[in-house]
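Here the structure comes first, spelled out in structure tokens, and everything after it is commentary.
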Amino acid sequence: MTEKEERILRKNIDDMQQNVETIQEMKIYNAMKKGIVEGKKREKRRIYTTGMGVVAAAAAAVALLFTYSTIGLPNKGVAQPSVQSASTKNTDNFKAYRSFSRLEPALASALEQNLVVPVGQSAENKGYRIDVTGAVTDGRKVYVLYSVQNNTDEVVIHADFELKFEGIQESPLHKGASLSMLASESRIQPGQSMDFIYSTKLSPLVKYPKKVNYNIILTETSDKALLSSSNKYRTSLDVAFELDPDMLKAQERMLDTDGTLTVDGQKIRVNQVQYTPLSTYVDLEYNQNNDKQIFQLINPVLISKKGDTVEKLYYPDIINSDNSEVYSDNSKFTLVFKNSKGSQQPDSVTLKAFGISAVEKDQMKIVVDLNKYQLIEAPGTGLELVTPKQENNVEEGEILLIRNIENAQYLEGSTRLAETFTDAKGKVYNKAPSTSSFSSYTTSKDGSAVNEFGYNFGTDAKNYPQPLTITLERYINPIMDTQAVELYSINR
């Protein structure tokens with residue numbers, strides 16, 4: 001499989017995540033959420049947890065993935081504590097992980113270079129055991145490898161997972177934290193063991209201590225257990241160990257730069273390039289004076305030259321305020337490329353992009369007239385207000401929109417609308433909940449995409465002064481403009 005094919009497959013898997021309600025694991029999640037909400041009404045106390053989203057398997061041996069969202073489980077403090085001891089599990093040099101074809105490139109690189117350090121600590125509680133076998137970090141991202149052994153008669157799943165650094169009271173690592181598994185489903189059957197990979201992003205501005213604690217909460221999957229707000233059906237397991245955030249510091253290289261990439265007249269400052277054995281990080285910042293709100297660079301490529309050798313890094317992941325708490329606003333972000341194979345300082349480094357996805361700041365809105373069922377205003381082209389069909393099951397005051405997008409093969413995400421809207425006289429209302437509408441984003445081989453989404457104004461909205469305005473939080477609008485900036489050169 002080529003790198004481009006792999007990227008497209010990964011993207012398709014991510015797109016499928018938006019429509020996972022039909023998967024059994026999502027049914028479990030919804031049942032658990034319902035029970036917890038009901039429990040919160042009965043018990044007026046503060047409670048916490050991590051929720052689960054599930055990526056559908058789009059190909060053989062694809063890891064399922066939990067993505068953090070808050071739903072509120074019972075207070076961990078009242079649960080029976082686990083007992084920690086040295087692990088007797090044979091990791092076999094992480095053989096199970098090395099043979100797994102869907103590892104993130106950074107972790108695959110760490111295993112290839114034998115950088116994952118053995119941890120060898122376990123914890124047991126009520127018939128369950130967690131063995132933390134290994135961990136690795138480059139100070140920007142952390143991976144924890146572990147297994148869970150189920151020695152009970154109950155089927156269980158993760159209800160929570162969290163890495164805490166000692167001495168940091170509010171460790172903002174939940175947002176964007178993920179859990180993948182070396183299996184085809186998330187449920188751990190009685191008598192079975194399953195391997196997992198936890199990962200999360202770290203802030204380069206925080207000095208993290210070496211002492212960490214990894215906690216998971218397992219929950220039984222019976223209807224009674226999932227609908228209960230009690231800790232009775234949930235088991236907490238904690239493993240404390242040491243993980244040095246500077247463990248790879250000696251192999252790290254920094255490239256300071258004052259380069260500015262200008263695309264479609266919009267300025268994007270490149271603050272620095274950081275090379276680690278796991279990944280290559282390019283930290284960027286949008287100029288506050290740009291007249292467009294930028295959501296993404298289109299197909300950014302990092303090009304390094306050393307003599308006659310040219311290295312091109314493609315298809316980066318993105319760290320931003322949407323998927324982590326590394327950044328507090330959307331003006332800063334980081335492109336995460338694969339690790340560079342060049343061990344020496346390059347002669348030159350260039351960042352190239354083929355355009356941006358952006359909208360004029362004063363056009364960040366969709367305006368509709370419900371009485372006329374007419375789209376008054378929207379940024380870009382291709383957005384249509386669709387006449388609902390009977391099978392759409394739309395509610396009174398709900399609209400359906402569809403957008404055809406060209407040059408979408410390198411774009412990520414889909415349209416995101418604000419939870420409030422404004423009538424013609426400036427009065428603000430909350431969006432009404434909907435049981436029928438959904439958001440979908442599908443791409444085609446020709447590079448085009450179709451984005452479908454709905455918005456529920458509520459049953460009384462036709463009586464409000466028209467038209468109604470929705471603020472855009474994210475909008476896919478590709479603007480093709482190939483530009484490059486030289487970040488470093490030995491000839492300067």
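By convention here, the chains of the structure tokens are called A, B, ... in the order presented, each chain's residues are numbered starting at 1, and ligands are numbered starting at 1 in the order presented.
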
Pick out each residue of region 169-222 of chain A that DSSP on the backbone tags as strand (DSSP E); I need them as JSON, numbers by chain. {"A": [178, 179, 180, 181, 193, 194, 195, 196, 197, 198, 199, 200, 201, 211, 212, 213, 214, 215, 216, 217, 218, 219, 220]}

Quick one: residues within 9 Å of region 386-401 of chain A, only C-alpha atoms, excluding same-chain residues fewer than 4 positions away - as a list of chain:residue names? A:Leu370, A:Tyr373, A:Ala432, A:Ser434, A:Thr435, A:Ser436, A:Ser437, A:Asn451, A:Glu452, A:Phe453, A:Gly454, A:Tyr455, A:Asn456, A:Phe457, A:Gly458, A:Thr459, A:Asp460, A:Ala461, A:Lys462

Interatomic distance between CA of Asp138 (chain A) and CA of Leu111 (chain A)? 13.2 Å

If we count only C-alpha atoms, what is near Thr381 (chain A) at a cut-off of 10 Å, once residues fewer than 5 positions away on the same chain are taken out, given as a PyMOL selection string? chain A and resi 403-405+477

I'd like the interatomic distance between CA of Gln272 (chain A) and CA of Val116 (chain A), to a tenth of an Å. 26.1 Å

Can you list, as a ChimeraX atom specification, every residue of region 140-256 of chain A that DSSP puts in helix (DSSP H, G or I)? /A:223-226,231-233,249-251

Keeping C-alpha atoms, export the residues of the selection given above as a CSV table (one decimal), in the first residue's frame.
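Resulting contents of selection-v2.csv:
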```csv
chain,number,residue,atom,x,y,z
A,223,ASP,CA,-28.2,-3.6,30.4
A,224,LYS,CA,-28.5,-3.4,34.2
A,225,ALA,CA,-24.8,-2.4,34.5
A,226,LEU,CA,-24.9,0.2,31.6
A,231,ASN,CA,-19.8,2.1,40.9
A,232,LYS,CA,-21.0,-1.5,41.6
A,233,TYR,CA,-20.5,-2.5,38.0
A,249,LYS,CA,16.1,14.7,24.1
A,250,ALA,CA,19.7,13.8,23.0
A,251,GLN,CA,18.3,12.6,19.6
```
